[in-house]
Amino acid sequence: MSRVGVLGGGQLGRMMGLAGLPLGMEFVFLDPSRDACAAQLGELLQAGFSDIEAARTLAGMVDVATFDFENVPRDSAHALAELKPLFPPPMALGACQDRLEEKRILTELGISVAPNYAVSSRTDLLYGLDQLGWPSVLKTRRLGYDGKGQVVLRDPEDLERAWQALGDDELILEKFIPFEAECSLVAVRGQDRETRYWPLARNVHHEGILMLSLADDFDAELQAQAEVIMQSVLDYFDYAGVLTLEFFLQDGQLLVNEMAPRVHNSGHWTIDGAETSQFENHLRAIAGLPLGGTSATRQSLMFNWIGKLPDAEKLLSIPGLHWHDYGKSSRPGRKIGHATLTHANRAGLIEQAQRVAALAGGHFPALMRQLPGFSA
Ligand SMILES: Nc1ncnc2c1ncn2[C@@H]1O[C@H](COP(=O)(O)OP(=O)(O)O)[C@@H](O)[C@H]1O
Ligand SMILES: [Mg+2]
């Protein structure tokens, strides 16, 4: 079975490792950090992501390669791809690294996105605001994640603060979408182009960080709408591996917020609640193996642990709770674990979810009330 090289040794790489070991795969993770949390699942090649020689060394150690984050420098990805198959395709990686380019491609494919303008000067910003109106969201084109590198402009007083914070970078100004809900579609496409979609997840964010994902919470019509959009993106890139689309839902229509050329936080529920997890299917796809089924086997709600872990012992007493500790040190704002609560039916899921939220505390009780049917 394959030796898999992963650029990045974070929790996504770690969960790939956890899914791949039973398939008989072996892993080498390239990561600059000595304590990369994926390293427990394989070998660690400690090197910077822009170290081209290290990317070539990785290629020499494996049969196939992938990445667990989208900011892999272009030159490293290309150096690796010259020597060994790299999935998802570097072209998709490049497109997802720039919010402006990403929206340009989606628009070219006829897919709706938030109206937007490129901003590289104060003049551009004022012009964009004039066109889009208030509120709007100013974001860095590159390297933003978990809500970092973006500011909502609600009134003229926010302008100076936003420009001070972001003005040194190339930016994009987006219309603020007063969405009814956020959701995401995770799909996998094999090298033979066979494609499978997991059910849409409903996502709740707090200060730009994903906190809750409720699996399979939308009707077949919306699922079909999301799959049509996904299909055209997968075809455009001649994609192989897992791809995620984040959506805003407004008036029954989906707008793509962003895409991620990788396994995604909103798909973690698939480990415990789907026939095959996103991690396993990603590995099957890149190794040229047949794909597994993607249907939900039960109701699932994922809780993200940010900054610190709640009391595992108390939470594990809740029936249907599955614990995932990434083995990372605590730091404010850092994703260090998650739990997925599963249940055979929605009523039972809601009942147990109230207990999880109460025990986990913090913002969880209030955030959970944003899930239809979950308010106590
Ligand atoms: N144009 C927008 N309108 C409304 N909310 C937005 C907009 N852009 C971002 N957000 C909110 O901020 C969150 C994070 O933004 P996103 O663009 O997905 O960046 P990141 O790469 O940090 O996930 C979104 O999930 C959404 O809740
Ligand atoms: Mg996002």
# chains A, B, ... in the order shown; residues from 1 in each chain; ligands from 1
$ residues_around --residues "Val64 of chain A" --least-positions-apart "5" --cutoff "12 Å" --atoms "only C-alpha atoms" --output "PyMOL selection string"
chain A and resi 1-7+25-28+58-59+80-88+241+283-288
$ residues_near_ligand --ligand "ligand 2" --cutoff "8 Å" --atoms "only C-alpha atoms and all ligand atoms" --output "list in words"
Tyr145, Asp146, Gly147, Gly208, Ile209, Glu246, Asn257, Glu258 and Met259 of chain A
$ residues_near_ligand --ligand "ligand 1" --cutoff "8 Å" --atoms "only C-alpha atoms and all ligand atoms" --output "PyMOL selection string"
chain A and resi 114+136-137+139+143-150+174-179+182+204-210+246+248+257-258
$ write_last_selection --atoms "N, CA and C atoms" --output "mmCIF file, in the first residue's frame"
data_model
loop_
_atom_site.group_PDB
_atom_site.id
_atom_site.type_symbol
_atom_site.label_atom_id
_atom_site.label_comp_id
_atom_site.auth_asym_id
_atom_site.auth_seq_id
_atom_site.Cartn_x
_atom_site.Cartn_y
_atom_site.Cartn_z
ATOM 1 N N ALA A 114 -20.285 36.823 -3.420
ATOM 2 C CA ALA A 114 -20.561 38.180 -2.947
ATOM 3 C C ALA A 114 -19.923 39.170 -3.922
ATOM 4 N N SER A 136 -19.626 46.383 4.479
ATOM 5 C CA SER A 136 -18.836 45.558 3.565
ATOM 6 C C SER A 136 -17.709 44.915 4.374
ATOM 7 N N VAL A 137 -17.080 43.918 3.788
ATOM 8 C CA VAL A 137 -16.003 43.226 4.510
ATOM 9 C C VAL A 137 -14.707 43.386 3.730
ATOM 10 N N LYS A 139 -10.922 42.177 3.264
ATOM 11 C CA LYS A 139 -10.117 40.989 3.588
ATOM 12 C C LYS A 139 -8.786 41.027 2.854
ATOM 13 N N LEU A 143 -3.604 34.336 2.626
ATOM 14 C CA LEU A 143 -3.155 33.927 3.962
ATOM 15 C C LEU A 143 -4.143 34.141 5.110
ATOM 16 N N GLY A 144 -5.355 34.574 4.838
ATOM 17 C CA GLY A 144 -6.334 34.704 5.924
ATOM 18 C C GLY A 144 -6.899 33.342 6.307
ATOM 19 N N TYR A 145 -7.205 33.161 7.577
ATOM 20 C CA TYR A 145 -7.900 31.944 8.014
ATOM 21 C C TYR A 145 -8.546 32.211 9.361
ATOM 22 N N ASP A 146 -9.564 31.412 9.679
ATOM 23 C CA ASP A 146 -10.275 31.562 10.960
ATOM 24 C C ASP A 146 -10.635 33.023 11.254
ATOM 25 N N GLY A 147 -11.072 33.741 10.235
ATOM 26 C CA GLY A 147 -11.507 35.126 10.420
ATOM 27 C C GLY A 147 -10.357 36.116 10.562
ATOM 28 N N LYS A 148 -9.103 35.616 10.504
ATOM 29 C CA LYS A 148 -7.952 36.532 10.608
ATOM 30 C C LYS A 148 -7.741 37.212 9.267
ATOM 31 N N GLY A 149 -7.289 38.482 9.319
ATOM 32 C CA GLY A 149 -7.047 39.203 8.065
ATOM 33 C C GLY A 149 -8.331 39.725 7.451
ATOM 34 N N GLN A 150 -9.340 40.001 8.273
ATOM 35 C CA GLN A 150 -10.545 40.639 7.731
ATOM 36 C C GLN A 150 -11.229 41.532 8.763
ATOM 37 N N GLU A 174 -15.581 42.939 -0.057
ATOM 38 C CA GLU A 174 -16.764 42.152 -0.414
ATOM 39 C C GLU A 174 -17.997 42.784 0.201
ATOM 40 N N LYS A 175 -19.089 42.671 -0.497
ATOM 41 C CA LYS A 175 -20.359 43.081 0.092
ATOM 42 C C LYS A 175 -20.645 42.173 1.278
ATOM 43 N N PHE A 176 -21.120 42.735 2.373
ATOM 44 C CA PHE A 176 -21.515 41.922 3.528
ATOM 45 C C PHE A 176 -22.837 41.245 3.181
ATOM 46 N N ILE A 177 -22.860 39.922 3.302
ATOM 47 C CA ILE A 177 -24.070 39.169 2.957
ATOM 48 C C ILE A 177 -24.863 38.872 4.236
ATOM 49 N N PRO A 178 -26.071 39.414 4.369
ATOM 50 C CA PRO A 178 -26.873 39.137 5.570
ATOM 51 C C PRO A 178 -27.528 37.767 5.443
ATOM 52 N N PHE A 179 -26.693 36.718 5.515
ATOM 53 C CA PHE A 179 -27.143 35.358 5.219
ATOM 54 C C PHE A 179 -28.134 34.825 6.252
ATOM 55 N N GLU A 182 -25.103 29.634 7.135
ATOM 56 C CA GLU A 182 -23.887 29.228 6.429
ATOM 57 C C GLU A 182 -23.889 27.713 6.352
ATOM 58 N N VAL A 204 -22.004 27.162 12.214
ATOM 59 C CA VAL A 204 -22.127 28.360 13.050
ATOM 60 C C VAL A 204 -20.719 28.824 13.419
ATOM 61 N N HIS A 205 -20.426 30.082 13.083
ATOM 62 C CA HIS A 205 -19.112 30.669 13.386
ATOM 63 C C HIS A 205 -19.229 31.656 14.534
ATOM 64 N N HIS A 206 -18.129 31.861 15.246
ATOM 65 C CA HIS A 206 -18.040 32.921 16.241
ATOM 66 C C HIS A 206 -16.743 33.670 15.988
ATOM 67 N N GLU A 207 -16.841 34.955 15.741
ATOM 68 C CA GLU A 207 -15.683 35.787 15.401
ATOM 69 C C GLU A 207 -14.830 35.133 14.312
ATOM 70 N N GLY A 208 -15.514 34.630 13.291
ATOM 71 C CA GLY A 208 -14.823 34.084 12.116
ATOM 72 C C GLY A 208 -14.305 32.661 12.282
ATOM 73 N N ILE A 209 -14.461 32.060 13.469
ATOM 74 C CA ILE A 209 -13.987 30.686 13.684
ATOM 75 C C ILE A 209 -15.178 29.737 13.728
ATOM 76 N N LEU A 210 -15.055 28.628 13.010
ATOM 77 C CA LEU A 210 -16.118 27.626 13.032
ATOM 78 C C LEU A 210 -16.262 27.054 14.445
ATOM 79 N N GLU A 246 -17.602 26.501 0.918
ATOM 80 C CA GLU A 246 -18.360 27.171 1.981
ATOM 81 C C GLU A 246 -19.375 28.085 1.309
ATOM 82 N N PHE A 248 -22.915 30.832 1.644
ATOM 83 C CA PHE A 248 -23.918 31.630 2.355
ATOM 84 C C PHE A 248 -25.264 31.261 1.736
ATOM 85 N N ASN A 257 -18.884 31.311 -0.584
ATOM 86 C CA ASN A 257 -18.032 32.222 0.185
ATOM 87 C C ASN A 257 -16.571 31.950 -0.145
ATOM 88 N N GLU A 258 -16.155 30.708 0.021
ATOM 89 C CA GLU A 258 -14.787 30.358 -0.378
ATOM 90 C C GLU A 258 -14.678 28.863 -0.614
#
$ closest_residue --among "A:Ala36, A:Met15, A:Ile52, A:Leu291" --to "Ser329 of chain A" --atoms "only C-alpha atoms"
A:Ala36
$ residues_around --residues "segment 224-226 of chain A" --least-positions-apart "5" --cutoff "12 Å" --atoms "only C-alpha atoms" --output "list in words"
Ile111, Ser112, Cys183, Ser184, Leu185, Val186, Ala187, Tyr197, Trp198, Pro199, Leu200, Ala201, Phe218, Asp219, Gln231, Ser232, Val233, Thr244, Leu245, Glu246, Phe247, Phe248, Leu249, Gly252, Gln253, Leu254, Leu255 and Val256 of chain A
$ residues_around --residues "segment 320-328 of chain A" --least-positions-apart "6" --cutoff "6 Å" --atoms "only C-alpha atoms" --output "number ranges by chain"
A: 11, 37, 336-343
$ write_last_selection --atoms "C-alpha atoms" --output "CSV table (one decimal), in the first residue's frame"
chain,number,residue,atom,x,y,z
A,11,GLN,CA,-4.6,18.2,12.8
A,37,CYS,CA,0.8,17.0,15.9
A,336,ILE,CA,-6.9,22.0,19.6
A,337,GLY,CA,-9.7,19.4,19.4
A,338,HIS,CA,-13.3,18.7,18.6
A,339,ALA,CA,-16.1,16.4,19.7
A,340,THR,CA,-18.8,14.9,17.5
A,341,LEU,CA,-22.1,14.1,19.1
A,342,THR,CA,-24.1,11.4,17.3
A,343,HIS,CA,-27.6,10.0,17.8
$ closest_residue --among "A:Glu180, A:Glu43, A:Arg154, A:Arg122" --to "Leu166 of chain A" --atoms "only C-alpha atoms"
A:Arg122
$ atom_distance --atom1 "atom CA of Gln299 of chain A" --atom2 "atom CA of Arg355 of chain A"
16.1 Å
$ atom_distance --atom1 "atom CA of Gln46 of chain A" --atom2 "atom CA of Phe67 of chain A"
14.8 Å
$ residues_around --residues "Glu351 of chain A" --least-positions-apart "5" --cutoff "10 Å" --atoms "only C-alpha atoms" --output "PyMOL selection string"
chain A and resi 343+346+356+374+376
$ closest_residue --among "A:Ile318, A:His282, A:Phe29, A:Ala344" --to "Pro261 of chain A" --atoms "only C-alpha atoms"
A:His282
$ atom_distance --atom1 "atom CA of Gly333 of chain A" --atom2 "atom CA of Gly307 of chain A"
5.0 Å
$ closest_residue --among "A:Glu280, A:Glu53, A:Glu313, A:Asp98" --to "Ala19 of chain A" --atoms "only C-alpha atoms"
A:Glu280
$ residues_around --residues "Val263 of chain A" --least-positions-apart "2" --cutoff "7 Å" --atoms "only C-alpha atoms" --output "PyMOL selection string"
chain A and resi 242-244+278-279
$ select_by_dssp --residues "segment 71-274 of chain A" --states "alpha helix (DSSP H)" --output "ChimeraX atom specification"
/A:74-83,90-96,99-108,122-132,158-166,220-237,270-273
$ residues_around --residues "Ala95 of chain A" --least-positions-apart "3" --cutoff "10 Å" --atoms "only C-alpha atoms" --output "JSON, numbers by chain"
{"A": [70, 90, 91, 92, 98, 99, 100, 101, 102, 103, 104, 105, 237, 259, 260, 261]}
$ write_last_selection --atoms "all heavy atoms" --output "CSV table (one decimal), in the first residue's frame"
chain,number,residue,atom,x,y,z
A,70,GLU,N,-3.8,25.2,2.7
A,70,GLU,CA,-3.7,25.7,1.3
A,70,GLU,C,-2.7,26.7,1.1
A,70,GLU,O,-2.6,27.2,0.0
A,70,GLU,CB,-5.1,26.2,0.8
A,70,GLU,CG,-5.7,27.3,1.6
A,70,GLU,CD,-6.7,26.8,2.6
A,70,GLU,OE1,-6.4,25.7,3.3
A,70,GLU,OE2,-7.8,27.4,2.8
A,90,PRO,N,-2.1,21.2,-8.3
A,90,PRO,CA,-1.5,22.5,-7.9
A,90,PRO,C,-2.3,23.7,-8.5
A,90,PRO,O,-2.3,24.7,-7.8
A,90,PRO,CB,-0.1,22.4,-8.5
A,90,PRO,CG,0.2,20.9,-8.6
A,90,PRO,CD,-1.1,20.2,-8.8
A,91,MET,N,-3.0,23.5,-9.6
A,91,MET,CA,-3.7,24.6,-10.1
A,91,MET,C,-4.9,25.0,-9.2
A,91,MET,O,-5.2,26.2,-9.0
A,91,MET,CB,-4.3,24.2,-11.5
A,91,MET,CG,-5.1,25.4,-12.0
A,91,MET,SD,-5.7,25.3,-13.7
A,91,MET,CE,-7.2,24.3,-13.8
A,92,ALA,N,-5.5,24.0,-8.6
A,92,ALA,CA,-6.6,24.3,-7.6
A,92,ALA,C,-6.0,24.9,-6.4
A,92,ALA,O,-6.6,25.9,-5.8
A,92,ALA,CB,-7.4,23.0,-7.2
A,98,ASP,N,-5.8,32.8,-3.3
A,98,ASP,CA,-6.1,34.2,-3.6
A,98,ASP,C,-7.6,34.4,-3.7
A,98,ASP,O,-8.2,34.0,-4.6
A,98,ASP,CB,-5.4,34.7,-4.9
A,98,ASP,CG,-5.6,36.1,-5.2
A,98,ASP,OD1,-6.4,36.8,-4.6
A,98,ASP,OD2,-4.9,36.6,-6.1
A,99,ARG,N,-8.1,35.2,-2.7
A,99,ARG,CA,-9.6,35.3,-2.7
A,99,ARG,C,-10.1,36.0,-3.9
A,99,ARG,O,-11.3,35.7,-4.3
A,99,ARG,CB,-10.0,36.1,-1.4
A,99,ARG,CG,-9.7,35.4,-0.1
A,99,ARG,CD,-10.3,36.3,1.0
A,99,ARG,NE,-9.8,35.8,2.3
A,99,ARG,CZ,-10.3,34.8,3.0
A,99,ARG,NH1,-11.3,34.1,2.6
A,99,ARG,NH2,-9.7,34.5,4.2
A,100,LEU,N,-9.4,36.9,-4.5
A,100,LEU,CA,-9.8,37.6,-5.7
A,100,LEU,C,-9.9,36.6,-6.9
A,100,LEU,O,-10.8,36.6,-7.6
A,100,LEU,CB,-8.9,38.8,-6.0
A,100,LEU,CG,-9.4,39.7,-7.1
A,100,LEU,CD1,-10.6,40.5,-6.5
A,100,LEU,CD2,-8.3,40.7,-7.5
A,101,GLU,N,-8.8,35.9,-7.1
A,101,GLU,CA,-8.7,34.9,-8.2
A,101,GLU,C,-9.8,33.8,-8.0
A,101,GLU,O,-10.4,33.4,-9.0
A,101,GLU,CB,-7.3,34.3,-8.1
A,101,GLU,CG,-7.0,33.1,-9.1
A,101,GLU,CD,-7.0,33.5,-10.6
A,101,GLU,OE1,-7.2,34.7,-10.9
A,101,GLU,OE2,-6.8,32.6,-11.4
A,102,GLU,N,-10.0,33.4,-6.8
A,102,GLU,CA,-11.0,32.4,-6.5
A,102,GLU,C,-12.4,32.9,-7.0
A,102,GLU,O,-13.1,32.1,-7.7
A,102,GLU,CB,-10.9,32.2,-5.0
A,102,GLU,CG,-11.8,31.2,-4.3
A,102,GLU,CD,-11.6,31.1,-2.8
A,102,GLU,OE1,-11.9,32.1,-2.1
A,102,GLU,OE2,-11.0,30.2,-2.4
A,103,LYS,N,-12.7,34.1,-6.6
A,103,LYS,CA,-14.0,34.6,-7.0
A,103,LYS,C,-14.1,34.9,-8.5
A,103,LYS,O,-15.2,34.7,-9.1
A,103,LYS,CB,-14.3,35.9,-6.2
A,103,LYS,CG,-14.6,35.6,-4.8
A,103,LYS,CD,-15.2,36.8,-4.1
A,103,LYS,CE,-15.7,36.4,-2.7
A,103,LYS,NZ,-14.7,35.9,-1.8
A,104,ARG,N,-12.9,35.2,-9.1
A,104,ARG,CA,-12.9,35.4,-10.6
A,104,ARG,C,-13.3,34.1,-11.3
A,104,ARG,O,-14.1,34.1,-12.2
A,104,ARG,CB,-11.6,35.9,-11.0
A,104,ARG,CG,-11.5,36.4,-12.5
A,104,ARG,CD,-10.1,36.6,-13.0
A,104,ARG,NE,-9.3,35.3,-13.0
A,104,ARG,CZ,-9.5,34.3,-13.9
A,104,ARG,NH1,-10.4,34.4,-14.8
A,104,ARG,NH2,-8.7,33.2,-13.8
A,105,ILE,N,-12.7,33.0,-10.8
A,105,ILE,CA,-12.9,31.7,-11.4
A,105,ILE,C,-14.4,31.3,-11.2
A,105,ILE,O,-15.0,30.9,-12.2
A,105,ILE,CB,-12.0,30.6,-10.9
A,105,ILE,CG1,-10.5,30.9,-11.3
A,105,ILE,CG2,-12.4,29.2,-11.3
A,105,ILE,CD1,-9.5,30.1,-10.6
A,237,PHE,N,-11.2,22.1,-12.5
A,237,PHE,CA,-9.8,21.8,-12.1
A,237,PHE,C,-9.3,20.4,-12.4
A,237,PHE,O,-8.2,20.1,-12.1
A,237,PHE,CB,-9.7,22.0,-10.5
A,237,PHE,CG,-9.8,23.4,-10.1
A,237,PHE,CD1,-10.8,23.8,-9.2
A,237,PHE,CD2,-8.8,24.4,-10.5
A,237,PHE,CE1,-10.9,25.1,-8.7
A,237,PHE,CE2,-8.9,25.7,-10.0
A,237,PHE,CZ,-9.9,26.1,-9.2
A,259,MET,N,-13.6,28.5,-1.2
A,259,MET,CA,-13.3,27.0,-1.4
A,259,MET,C,-12.0,26.6,-0.7
A,259,MET,O,-11.1,27.4,-0.6
A,259,MET,CB,-13.3,26.6,-2.9
A,259,MET,CG,-12.6,27.5,-3.8
A,259,MET,SD,-13.0,27.0,-5.6
A,259,MET,CE,-12.1,28.2,-6.5
A,260,ALA,N,-12.0,25.4,-0.3
A,260,ALA,CA,-10.8,24.9,0.3
A,260,ALA,C,-10.4,23.6,-0.4
A,260,ALA,O,-11.2,22.6,-0.5
A,260,ALA,CB,-11.0,24.6,1.8
A,261,PRO,N,-9.2,23.5,-1.0
A,261,PRO,CA,-8.8,22.3,-1.8
A,261,PRO,C,-8.3,21.2,-0.9
A,261,PRO,O,-7.2,20.7,-1.1
A,261,PRO,CB,-7.7,22.9,-2.6
A,261,PRO,CG,-7.0,23.9,-1.8
A,261,PRO,CD,-8.1,24.5,-0.9
$ closest_residue --among "A:Ala358, A:Ser317, A:Pro372, A:Leu234" --to "Leu109 of chain A" --atoms "only C-alpha atoms"
A:Leu234
$ closest_residue --among "A:Met368, A:Leu222, A:Leu129, A:Val62" --to "Asn116 of chain A" --atoms "only C-alpha atoms"
A:Leu129
$ decode --residues "segment 298-317 of chain A" --atoms "N, CA and C atoms" --output "PDB file, in the first residue's frame"
ATOM      1  N   ARG A 298     -25.965   8.429  10.901  1.00  0.00           N
ATOM      2  CA  ARG A 298     -26.766   8.883  12.035  1.00  0.00           C
ATOM      3  C   ARG A 298     -26.703  10.401  12.096  1.00  0.00           C
ATOM      4  N   GLN A 299     -27.439  10.993  13.008  1.00  0.00           N
ATOM      5  CA  GLN A 299     -27.439  12.438  13.190  1.00  0.00           C
ATOM      6  C   GLN A 299     -26.130  12.849  13.866  1.00  0.00           C
ATOM      7  N   SER A 300     -25.521  13.943  13.400  1.00  0.00           N
ATOM      8  CA  SER A 300     -24.245  14.367  13.988  1.00  0.00           C
ATOM      9  C   SER A 300     -24.170  15.872  14.175  1.00  0.00           C
ATOM     10  N   LEU A 301     -23.577  16.258  15.290  1.00  0.00           N
ATOM     11  CA  LEU A 301     -23.283  17.670  15.544  1.00  0.00           C
ATOM     12  C   LEU A 301     -21.856  17.759  16.077  1.00  0.00           C
ATOM     13  N   MET A 302     -21.027  18.559  15.388  1.00  0.00           N
ATOM     14  CA  MET A 302     -19.638  18.719  15.818  1.00  0.00           C
ATOM     15  C   MET A 302     -19.434  19.997  16.609  1.00  0.00           C
ATOM     16  N   PHE A 303     -18.698  19.894  17.712  1.00  0.00           N
ATOM     17  CA  PHE A 303     -18.300  21.038  18.540  1.00  0.00           C
ATOM     18  C   PHE A 303     -16.798  21.222  18.383  1.00  0.00           C
ATOM     19  N   ASN A 304     -16.378  22.454  18.065  1.00  0.00           N
ATOM     20  CA  ASN A 304     -14.945  22.723  17.920  1.00  0.00           C
ATOM     21  C   ASN A 304     -14.372  23.216  19.236  1.00  0.00           C
ATOM     22  N   TRP A 305     -13.252  22.691  19.653  1.00  0.00           N
ATOM     23  CA  TRP A 305     -12.611  23.176  20.894  1.00  0.00           C
ATOM     24  C   TRP A 305     -11.503  24.161  20.532  1.00  0.00           C
ATOM     25  N   ILE A 306     -11.719  25.410  20.894  1.00  0.00           N
ATOM     26  CA  ILE A 306     -10.801  26.486  20.538  1.00  0.00           C
ATOM     27  C   ILE A 306     -10.066  26.974  21.794  1.00  0.00           C
ATOM     28  N   GLY A 307      -8.746  26.957  21.752  1.00  0.00           N
ATOM     29  CA  GLY A 307      -7.948  27.521  22.855  1.00  0.00           C
ATOM     30  C   GLY A 307      -7.735  26.587  24.018  1.00  0.00           C
ATOM     31  N   LYS A 308      -8.806  25.962  24.506  1.00  0.00           N
ATOM     32  CA  LYS A 308      -8.631  24.970  25.569  1.00  0.00           C
ATOM     33  C   LYS A 308      -9.683  23.874  25.467  1.00  0.00           C
ATOM     34  N   LEU A 309      -9.317  22.714  25.993  1.00  0.00           N
ATOM     35  CA  LEU A 309     -10.249  21.578  25.934  1.00  0.00           C
ATOM     36  C   LEU A 309     -11.172  21.618  27.137  1.00  0.00           C
ATOM     37  N   PRO A 310     -12.457  21.380  26.940  1.00  0.00           N
ATOM     38  CA  PRO A 310     -13.323  21.227  28.108  1.00  0.00           C
ATOM     39  C   PRO A 310     -13.052  19.877  28.787  1.00  0.00           C
ATOM     40  N   ASP A 311     -13.749  19.629  29.885  1.00  0.00           N
ATOM     41  CA  ASP A 311     -13.518  18.435  30.701  1.00  0.00           C
ATOM     42  C   ASP A 311     -13.955  17.160  29.956  1.00  0.00           C
ATOM     43  N   ALA A 312     -12.941  16.420  29.473  1.00  0.00           N
ATOM     44  CA  ALA A 312     -13.237  15.236  28.652  1.00  0.00           C
ATOM     45  C   ALA A 312     -14.032  14.201  29.440  1.00  0.00           C
ATOM     46  N   GLU A 313     -13.660  14.035  30.690  1.00  0.00           N
ATOM     47  CA  GLU A 313     -14.276  12.965  31.463  1.00  0.00           C
ATOM     48  C   GLU A 313     -15.779  13.182  31.621  1.00  0.00           C
ATOM     49  N   LYS A 314     -16.141  14.428  31.923  1.00  0.00           N
ATOM     50  CA  LYS A 314     -17.581  14.746  32.056  1.00  0.00           C
ATOM     51  C   LYS A 314     -18.287  14.565  30.716  1.00  0.00           C
ATOM     52  N   LEU A 315     -17.662  15.088  29.653  1.00  0.00           N
ATOM     53  CA  LEU A 315     -18.330  15.038  28.350  1.00  0.00           C
ATOM     54  C   LEU A 315     -18.469  13.610  27.831  1.00  0.00           C
ATOM     55  N   LEU A 316     -17.485  12.775  28.136  1.00  0.00           N
ATOM     56  CA  LEU A 316     -17.548  11.399  27.636  1.00  0.00           C
ATOM     57  C   LEU A 316     -18.658  10.585  28.297  1.00  0.00           C
ATOM     58  N   SER A 317     -19.232  11.111  29.373  1.00  0.00           N
ATOM     59  CA  SER A 317     -20.357  10.396  29.992  1.00  0.00           C
ATOM     60  C   SER A 317     -21.650  10.613  29.202  1.00  0.00           C
TER      61      SER A 317
END
